[in-house]
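Source file: protein.txt (compact mmCIF, C-alpha atoms)
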# COMPACT_ATOMS: atom_id res chain seq x y z
CA MET A 26 133.55 93.22 136.31
CA LEU A 27 133.61 93.11 132.51
CA SER A 28 135.34 90.36 130.58
CA CYS A 29 138.46 91.19 128.55
CA LEU A 30 136.53 91.05 125.27
CA ARG A 31 133.91 93.46 126.56
CA TYR A 32 136.63 95.87 127.65
CA ARG A 33 138.20 95.52 124.21
CA ASN A 34 134.91 96.47 122.54
CA ARG A 35 134.80 99.67 124.57
CA LEU A 36 138.34 100.83 123.85
CA GLY A 37 137.22 103.06 120.98
CA ALA A 38 134.57 104.77 123.11
CA TYR A 39 137.20 105.13 125.85
CA LEU A 40 139.55 106.92 123.45
CA ASP A 41 136.68 109.09 122.20
CA GLY A 42 135.88 110.14 125.76
CA GLU A 43 132.36 108.76 125.45
CA LEU A 44 132.36 106.53 128.53
CA SER A 45 131.12 107.46 131.97
CA PRO A 46 133.93 108.42 134.38
CA ARG A 47 133.46 105.18 136.31
CA LEU A 48 133.66 102.98 133.21
CA SER A 49 136.50 105.01 131.81
CA LYS A 50 138.50 104.40 134.99
CA ALA A 51 137.71 100.68 134.79
CA VAL A 52 138.91 100.45 131.17
CA SER A 53 142.07 102.33 132.03
CA ALA A 54 142.78 100.00 134.95
CA HIS A 55 142.13 96.94 132.79
CA ALA A 56 144.44 98.16 130.02
CA ALA A 57 147.18 98.62 132.59
CA ARG A 58 146.86 94.93 133.51
CA CYS A 59 146.08 93.37 130.09
CA LYS A 60 148.78 93.42 127.43
CA ALA A 61 146.45 92.47 124.55
CA CYS A 62 144.12 95.36 125.38
CA ARG A 63 147.08 97.71 125.74
CA VAL A 64 148.29 96.75 122.26
CA ALA A 65 144.77 97.14 120.84
CA LEU A 66 144.47 100.54 122.48
CA GLU A 67 147.79 101.64 121.02
CA GLU A 68 146.73 100.49 117.53
CA LEU A 69 143.49 102.39 117.85
CA ARG A 70 145.44 105.50 118.84
CA ARG A 71 147.60 105.15 115.75
CA LEU A 72 144.58 104.60 113.52
CA ALA A 73 143.48 108.25 113.72
CA PRO A 74 146.54 109.80 112.00
CA VAL A 75 146.48 107.01 109.41
CA MET A 76 142.84 107.80 108.61
CA HIS A 77 143.77 111.42 108.08
CA THR A 78 146.10 110.56 105.22
CA LEU A 79 142.95 110.34 103.11
CA ASP A 80 142.75 113.73 101.44
CA VAL A 81 139.73 115.28 99.83
CA PRO A 82 139.91 117.14 96.52
CA PRO A 83 138.59 120.70 96.55
CA VAL A 84 134.90 121.29 95.99
CA PRO A 85 134.32 121.12 92.22
CA ALA A 86 134.13 124.55 90.64
CA GLY A 87 130.56 125.54 89.94
CA LEU A 88 128.96 123.07 92.34
CA ALA A 89 127.05 125.83 94.14
CA ASP A 90 125.99 127.29 90.77
CA GLN A 91 124.68 123.91 89.67
CA VAL A 92 122.69 123.57 92.87
CA MET A 93 121.26 127.07 92.50
CA ALA A 94 120.37 126.51 88.83
CA ARG A 95 118.44 123.38 89.77
CA ALA A 96 116.87 125.18 92.71
CA ARG A 97 115.66 128.01 90.48
CA THR A 98 114.22 125.57 87.94
CA ARG A 99 112.49 123.76 90.76
CA ALA A 100 111.14 126.99 92.19
CA VAL A 101 109.76 128.07 88.80
CA ARG A 102 108.16 124.69 88.19
CA SER A 103 106.78 124.70 91.68
CA HIS A 104 105.33 128.14 91.04
CA GLU A 105 103.70 126.86 87.86
CA GLY A 106 102.34 123.92 89.80
CA LEU A 107 104.34 121.37 87.84
CA VAL A 108 106.17 119.86 90.76
CA ALA A 109 104.56 116.88 92.39
CA TRP A 110 101.40 117.31 90.40
CA SER A 111 98.84 114.71 91.15
CA PRO A 112 95.29 114.21 89.86
CA LEU A 113 94.22 114.31 93.50
CA ASP A 114 95.40 117.93 93.69
CA TRP A 115 92.41 118.95 91.62
CA TRP A 116 90.11 117.00 93.91
CA ARG A 117 91.59 118.67 96.97
CA MET A 118 91.27 122.14 95.45
CA VAL A 119 87.61 122.07 94.39
CA SER A 120 84.85 122.99 96.79
CA ALA A 121 82.58 120.43 98.45
CA PRO A 122 79.47 121.22 96.29
CA LEU A 123 81.53 120.78 93.14
CA ARG A 124 82.84 117.44 94.43
CA LEU A 125 79.27 116.36 95.13
CA ALA A 126 78.14 117.44 91.66
CA THR A 127 81.03 115.52 90.08
CA CYS A 128 80.10 112.37 91.99
CA ALA A 129 76.46 112.79 90.95
CA ILE A 130 77.39 113.17 87.26
CA VAL A 131 79.65 110.12 87.34
CA LEU A 132 76.96 108.00 89.03
CA LEU A 133 74.26 109.27 86.67
CA ALA A 134 76.42 108.46 83.64
CA PHE A 135 77.07 105.01 85.02
CA PHE A 136 73.44 104.13 85.68
CA LEU A 137 72.34 105.65 82.39
CA GLY A 138 74.89 103.51 80.58
CA VAL A 139 73.78 100.38 82.39
CA GLY A 140 70.08 101.15 81.78
CA LEU A 141 70.54 101.85 78.08
CA GLY A 142 72.66 98.77 77.65
CA ARG A 143 70.08 96.56 79.33
CA GLY A 144 67.29 98.11 77.18
CA ALA A 145 69.21 97.46 74.00
CA PHE A 146 69.69 93.85 75.00
CA VAL A 147 66.13 92.87 75.93
CA SER A 148 63.77 94.91 73.71
CA GLY A 149 62.89 95.35 70.03
CA ASP A 150 61.83 92.74 67.45
CA ASN A 151 64.61 93.56 65.04
CA GLN A 152 67.24 93.32 67.81
CA THR A 153 70.04 90.82 67.50
CA THR A 154 71.07 88.27 70.13
CA VAL A 155 74.60 88.02 71.38
CA ALA A 156 75.06 84.65 69.71
CA GLY A 157 73.73 86.00 66.40
CA ALA A 158 75.88 89.07 66.57
CA ALA A 159 78.90 87.05 67.49
CA SER A 160 78.47 84.88 64.41
CA MET A 161 79.20 87.90 62.23
CA GLU A 162 82.50 87.71 60.54
CA GLY A 163 85.36 88.57 62.87
CA PHE A 164 83.16 88.80 65.96
CA GLU A 165 83.28 85.11 66.92
CA TRP A 166 85.73 85.60 69.68
CA PHE A 167 83.20 87.85 71.43
CA SER A 168 80.72 84.95 71.70
CA GLN A 169 81.74 84.19 75.28
CA THR A 170 80.74 87.73 76.33
CA PRO A 171 78.24 87.47 79.22
CA PRO A 172 74.72 88.81 78.50
CA ALA A 173 73.94 92.38 79.70
CA SER A 174 77.62 93.24 79.89
CA LEU A 175 79.03 96.31 78.17
CA GLY A 176 80.75 94.04 75.63
CA SER A 177 77.55 92.29 74.60
CA THR A 178 75.66 95.59 74.37
CA TYR A 179 78.31 97.02 72.10
CA LEU A 180 78.18 93.90 69.94
CA ILE A 181 74.40 94.08 69.55
CA LEU A 182 74.40 97.79 68.80
CA ALA A 183 77.13 97.32 66.21
CA SER A 184 75.36 94.44 64.45
CA ASN A 185 72.01 96.32 64.48
CA ASP A 186 73.74 99.23 62.88
CA VAL A 187 75.21 97.00 60.18
CA GLY A 188 71.83 95.26 59.68
CA GLY A 189 69.96 98.55 59.41
CA ARG A 190 72.34 99.86 56.80
CA ASN A 191 72.09 96.61 54.79
CA ARG A 192 68.29 96.89 54.75
CA MET B 12 130.27 134.51 98.71
CA PRO B 13 127.31 136.60 99.79
CA ASP B 14 127.50 138.17 103.21
CA CYS B 15 125.17 136.16 105.45
CA PRO B 16 125.21 137.27 109.06
CA ASP B 17 122.05 135.30 109.81
CA SER B 18 121.91 131.90 111.45
CA ASP B 19 121.40 128.78 109.37
CA GLU B 20 118.07 128.18 111.03
CA PHE B 21 116.88 131.67 110.11
CA LEU B 22 118.08 131.26 106.53
CA LEU B 23 116.36 127.91 106.17
CA GLN B 24 113.09 129.35 107.39
CA ALA B 25 113.46 132.21 104.92
CA THR B 26 114.11 129.63 102.19
CA GLY B 27 110.86 127.96 103.19
CA ARG B 28 109.10 131.24 102.46
CA GLY B 29 110.57 131.23 98.94
CA ASP B 30 113.71 133.31 99.52
CA LEU B 31 116.27 131.80 97.14
CA ALA B 32 118.94 134.31 98.18
CA ALA B 33 118.80 132.83 101.66
CA PHE B 34 119.12 129.38 100.15
CA SER B 35 122.14 130.54 98.16
CA CYS B 36 123.79 131.60 101.45
CA ILE B 37 123.16 128.15 102.89
CA VAL B 38 124.68 126.47 99.84
CA GLU B 39 127.78 128.66 99.90
CA ARG B 40 128.23 128.21 103.62
CA HIS B 41 127.84 124.44 103.77
CA GLN B 42 128.91 123.03 100.43
CA ALA B 43 132.50 122.36 101.57
CA TRP B 44 131.72 120.10 104.48
CA ALA B 45 128.83 118.43 102.63
CA TRP B 46 131.34 117.69 99.88
CA ARG B 47 133.91 116.33 102.33
CA ILE B 48 131.46 113.88 103.87
CA ALA B 49 130.06 112.71 100.53
CA TYR B 50 133.50 112.35 98.99
CA ARG B 51 135.00 110.48 101.93
CA PHE B 52 132.04 108.17 102.00
CA THR B 53 131.92 107.42 98.27
CA GLY B 54 135.54 107.96 97.22
CA ASN B 55 134.22 109.18 93.90
CA GLU B 56 133.86 112.79 92.74
CA GLU B 57 130.90 112.24 90.47
CA ASP B 58 128.86 110.39 93.09
CA ALA B 59 129.84 112.87 95.77
CA SER B 60 128.77 115.78 93.57
CA ASP B 61 125.40 114.10 92.89
CA ILE B 62 124.86 113.50 96.59
CA VAL B 63 125.70 117.08 97.54
CA GLN B 64 123.39 118.53 94.89
CA GLU B 65 120.57 116.21 95.85
CA ALA B 66 121.10 116.96 99.54
CA PHE B 67 120.69 120.69 98.99
CA LEU B 68 117.63 120.18 96.83
CA ARG B 69 116.06 117.98 99.49
CA LEU B 70 116.83 120.68 101.99
CA LEU B 71 115.09 123.16 99.70
CA ASP B 72 112.05 120.90 99.39
CA ALA B 73 111.90 120.37 103.14
CA SER B 74 112.52 124.01 104.04
CA GLY B 75 108.80 124.82 104.06
CA ARG B 76 108.25 122.24 106.78
CA TYR B 77 111.40 123.08 108.78
CA ARG B 78 110.88 124.14 112.39
CA PRO B 79 113.93 125.43 114.25
CA THR B 80 113.54 122.85 117.00
CA ALA B 81 116.31 120.83 115.33
CA LYS B 82 119.71 122.36 114.70
CA PHE B 83 120.38 122.98 111.05
CA ARG B 84 123.56 120.88 110.98
CA THR B 85 121.88 117.92 112.61
CA TYR B 86 119.11 118.18 110.06
CA PHE B 87 121.52 118.39 107.14
CA TYR B 88 123.74 115.58 108.46
CA GLN B 89 120.67 113.38 108.42
CA ILE B 90 119.88 114.25 104.82
CA ILE B 91 123.43 113.65 103.61
CA SER B 92 123.83 110.42 105.59
CA ARG B 93 120.60 109.06 104.22
CA LEU B 94 121.60 109.94 100.65
CA CYS B 95 125.05 108.36 101.11
CA LEU B 96 123.54 105.16 102.46
CA ASP B 97 120.98 105.06 99.65
CA GLN B 98 123.75 105.54 97.12
CA ALA B 99 125.74 102.69 98.68
CA LYS B 100 122.74 100.40 98.38
CA ARG B 101 122.52 101.15 94.68
CA LYS B 102 126.21 100.94 93.97
CA GLN B 103 128.84 98.55 95.26
CA PRO B 104 132.09 100.40 95.87
CA LEU B 105 134.96 99.77 93.52
CA LEU B 106 138.12 99.04 95.44
CA LEU B 107 141.00 101.39 94.85
CA GLU B 108 139.00 104.13 93.24
CA THR B 109 140.79 107.30 92.38
CA VAL B 110 142.57 109.01 95.21
CA PRO B 111 143.16 112.68 94.48
CA ASP B 112 146.65 113.92 93.82
CA THR B 113 146.89 116.61 96.41
CA PRO B 114 149.98 118.76 96.59
CA ASP B 115 152.10 117.81 99.57
CA PRO B 116 154.04 120.60 101.22
CA SER B 117 156.85 118.17 101.97
CA PRO B 118 159.59 118.18 99.33
CA ASP B 119 160.48 114.64 100.24
CA ILE B 120 159.19 112.53 97.41
CA THR B 121 159.40 109.35 99.47
CA ASN B 122 157.13 110.81 102.09
CA THR B 123 154.71 111.97 99.43
CA MET B 124 154.61 108.54 97.88
CA MET B 125 154.16 106.88 101.23
CA ARG B 126 151.33 109.21 102.10
CA GLN B 127 149.64 108.47 98.79
CA GLU B 128 150.04 104.75 99.32
CA ASN B 129 148.54 105.09 102.77
CA ALA B 130 145.66 107.11 101.36
CA ILE B 131 144.95 104.39 98.82
CA ALA B 132 145.06 101.76 101.55
CA VAL B 133 142.72 103.77 103.78
CA ARG B 134 140.33 104.26 100.86
CA ALA B 135 140.34 100.54 100.12
CA ALA B 136 139.86 99.72 103.81
CA LEU B 137 136.94 102.15 104.08
CA ASP B 138 135.34 100.55 101.05
CA THR B 139 135.36 97.16 102.74
CA LEU B 140 133.11 98.46 105.52
CA PRO B 141 129.35 98.06 105.41
CA PRO B 142 127.76 101.45 104.57
CA ASN B 143 126.49 102.30 108.05
CA GLN B 144 129.85 101.50 109.68
CA ARG B 145 131.61 103.55 107.00
CA MET B 146 129.31 106.49 107.60
CA ALA B 147 129.86 106.31 111.36
CA ILE B 148 133.64 106.21 110.83
CA VAL B 149 133.52 109.17 108.41
CA LEU B 150 131.47 111.25 110.82
CA ARG B 151 133.67 110.34 113.78
CA TYR B 152 137.15 110.62 112.27
CA TYR B 153 136.70 113.35 109.71
CA GLU B 154 133.85 115.44 111.09
CA ASN B 155 134.79 114.84 114.71
CA LEU B 156 131.17 114.33 115.74
CA GLY B 157 130.24 112.94 119.14
CA TYR B 158 128.27 109.73 119.47
CA GLU B 159 125.03 111.57 120.10
CA GLN B 160 125.40 113.64 116.94
CA ILE B 161 126.29 110.57 114.90
CA ALA B 162 123.29 108.77 116.34
CA SER B 163 121.10 111.66 115.31
CA ALA B 164 122.56 111.76 111.80
CA LEU B 165 122.09 108.02 111.35
CA GLU B 166 118.77 108.06 113.14
CA THR B 167 119.83 105.46 115.67
CA THR B 168 120.94 105.21 119.30
CA THR B 169 124.30 106.11 120.84
CA LYS B 170 124.70 102.49 121.87
CA ALA B 171 124.28 101.41 118.24
CA VAL B 172 126.81 104.05 117.18
CA GLU B 173 129.32 102.68 119.68
CA ARG B 174 128.85 99.22 118.22
CA LEU B 175 129.11 100.49 114.63
CA LEU B 176 132.33 102.31 115.43
CA ALA B 177 133.81 99.37 117.36
CA ARG B 178 133.14 96.99 114.47
CA GLY B 179 134.30 99.50 111.90
CA ARG B 180 137.55 100.17 113.74
CA GLU B 181 138.14 96.47 114.25
CA ARG B 182 137.78 95.92 110.52
CA LEU B 183 140.01 98.86 109.65
CA ARG B 184 142.67 97.57 112.04
CA ASP B 185 142.44 94.13 110.44
CA VAL B 186 142.67 95.44 106.88
CA LEU B 187 145.27 98.13 107.48
CA GLY B 188 147.21 96.06 110.00
CA CYS B 189 148.03 93.54 107.28
CA ARG B 190 150.21 96.18 105.68
CA GLU B 191 153.81 96.34 106.73
CA ASN B 192 154.71 99.20 109.09
CA PHE B 193 151.23 100.55 109.08
CA PHE B 194 150.79 100.63 112.83
Here is the file; what I need is its structure written in the form of C-alpha cells.
Amino acid sequence: MLSCLRYRNRLGAYLDGELSPRLSKAVSAHAARCKACRVALEELRRLAPVMHTLDVPPVPAGLADQVMARARTRAVRSHEGLVAWSPLDWWRMVSAPLRLATCAIVLLAFFLGVGLGRGAFVSGDNQTTVAGAASMEGFEWFSQTPPASLGSTYLILASNDVGGRNR
Amino acid sequence: MPDCPDSDEFLLQATGRGDLAAFSCIVERHQAWAWRIAYRFTGNEEDASDIVQEAFLRLLDASGRYRPTAKFRTYFYQIISRLCLDQAKRKQPLLLETVPDTPDPSPDITNTMMRQENAIAVRAALDTLPPNQRMAIVLRYYENLGYEQIASALETTTKAVERLLARGRERLRDVLGCRENFF
C-alpha cells in the first residue's frame, strides 16, 4: 500500500495513462478516499487547458530557405574539404611507406641538428664558449643557457659569425 | 513545398548520400513542429530560429551515419532537445518574454485579454522550471508524447521522465495556482 504522498506523485502519470492497470486502479481508489489527492487530481486536469493558452507564432518566413542556404554552403565546403579539416587528415590519407619516409626524414633532421650543434660546441680553436658569447652586448641574458642546447649552439654560431666578419 | 512521397527515414538516408533535394523535403516537412518545440521551450523567436536551423544542420551532418534502426522523429527529437537544453545552459530565461499576439477568433475582447494574460502567466511559469523539466513538460503537453518517447528524446529512463513531469507539474501548479481564478 502506497503512502498518500507517493500516490500524489503518481497522479500525473495516472492522468497520462502511463500506469499499469493495477496501479491505476489503486490510484483511482485512493483518490476516491482522499480529498487532498482528489483536489490535486482536479487541478492537474485543469492544468492542461491552461497550458494550451500559450500560443506559438507562425514559423518565420524564409526559415527553410535559411537552413537550405547554410546546408548548401556546408555541402560545398565539405566537397572542397574545408569542413572539419584537421592536420591529421593528411596523415590518414597518405600511404604507409610515405608515413615511414616522413618519420625517417624528421628523425634524420633531428639527429643531424643535434650532431651539428654538439660539433659546433666542442671543436675548433677559434670557437667561442657560451660564457664568452654571452658576454657580447645584448646576449647576457642567454648566459644561463645550458651547454649543448640549441640555444647555446645558436649563440656560439652567431658570435663566430660576428668574429669572423670582424677579422 | 516539394512533393515528397518517401518516408523520412528514406529521405535522411538519401541526404546522407549527398542528395540535398531530399534534405529540402525533410526541412519543409518538419520545420513547423521543430519550431513549435523550440519556441515553446525558449519563449523567444530568435533563439528558437537558431535552434531549429542548427538542429537541421546537425541532422545533415549526421545523415551520413544514420541507420534506419531509429525512427526519424525520435532521432530529431533528441537533436532538438539537446540543443534546447544546451541553449538553456548558456542563457538564463528572461521572465515575461514576448508572448505573440495571435488573432483570437472570439470577438469578446475580455476573453482575448484573459487568454493573453494566461499565456503570459504560463510562459513565466514555464521559465521558472529547470530546463529538463521544462523540456519534458513541452514534449508532454504540446507534442503529446508518451513517457517512452520523452525518455528517448531526453536520453533518460521512463521513470526519470515520470519524476521530471511530476516535479514540473507541481511547480506549475504552485506558480499558476497563486493567480486568482486560475484553477
What separation in Å, quoted to one decimal, exists between CA of Ala136 in chain B and CA of Arg70 in chain A?
17.0 Å
Near chain A, which residues of chain B fall within 9 Å when you count all atoms listed in the file, and what do they look like as a CSV table (one decimal) with C-alpha atoms, in the coordinates of the input?
chain,number,residue,atom,x,y,z
B,29,GLY,CA,110.6,131.2,98.9
B,31,LEU,CA,116.3,131.8,97.1
B,34,PHE,CA,119.1,129.4,100.2
B,35,SER,CA,122.1,130.5,98.2
B,38,VAL,CA,124.7,126.5,99.8
B,39,GLU,CA,127.8,128.7,99.9
B,42,GLN,CA,128.9,123.0,100.4
B,43,ALA,CA,132.5,122.4,101.6
B,46,TRP,CA,131.3,117.7,99.9
B,47,ARG,CA,133.9,116.3,102.3
B,50,TYR,CA,133.5,112.4,99.0
B,51,ARG,CA,135.0,110.5,101.9
B,54,GLY,CA,135.5,108.0,97.2
B,56,GLU,CA,133.9,112.8,92.7
B,60,SER,CA,128.8,115.8,93.6
B,63,VAL,CA,125.7,117.1,97.5
B,64,GLN,CA,123.4,118.5,94.9
B,65,GLU,CA,120.6,116.2,95.8
B,67,PHE,CA,120.7,120.7,99.0
B,68,LEU,CA,117.6,120.2,96.8
B,71,LEU,CA,115.1,123.2,99.7
B,110,VAL,CA,142.6,109.0,95.2
B,111,PRO,CA,143.2,112.7,94.5
B,112,ASP,CA,146.6,113.9,93.8
B,113,THR,CA,146.9,116.6,96.4
B,126,ARG,CA,151.3,109.2,102.1
B,127,GLN,CA,149.6,108.5,98.8
B,129,ASN,CA,148.5,105.1,102.8
B,130,ALA,CA,145.7,107.1,101.4
B,131,ILE,CA,145.0,104.4,98.8
B,132,ALA,CA,145.1,101.8,101.6
B,133,VAL,CA,142.7,103.8,103.8
B,134,ARG,CA,140.3,104.3,100.9
B,152,TYR,CA,137.2,110.6,112.3
B,153,TYR,CA,136.7,113.4,109.7
B,157,GLY,CA,130.2,112.9,119.1
B,158,TYR,CA,128.3,109.7,119.5
B,173,GLU,CA,129.3,102.7,119.7
B,174,ARG,CA,128.8,99.2,118.2
B,176,LEU,CA,132.3,102.3,115.4
B,177,ALA,CA,133.8,99.4,117.4
B,178,ARG,CA,133.1,97.0,114.5
B,180,ARG,CA,137.6,100.2,113.7
B,181,GLU,CA,138.1,96.5,114.2
B,183,LEU,CA,140.0,98.9,109.6
B,184,ARG,CA,142.7,97.6,112.0
B,187,LEU,CA,145.3,98.1,107.5
B,188,GLY,CA,147.2,96.1,110.0
B,193,PHE,CA,151.2,100.6,109.1
B,194,PHE,CA,150.8,100.6,112.8
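One distance worth recording is that between CA of Arg69 in chain B and CA of Trp44 in chain B, which is 16.6 Å.
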Contacts of Gly27 in chain B within 12 Å, all atoms listed in the file, excl. fewer than 6 positions in-chain, as a VMD selection string
(chain A and resid 100) or (chain B and resid 20 to 21 33 to 34 69 to 79)
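Across the structure, CA of Asp185 in chain B and CA of Asn155 in chain B are spaced 22.5 Å apart.
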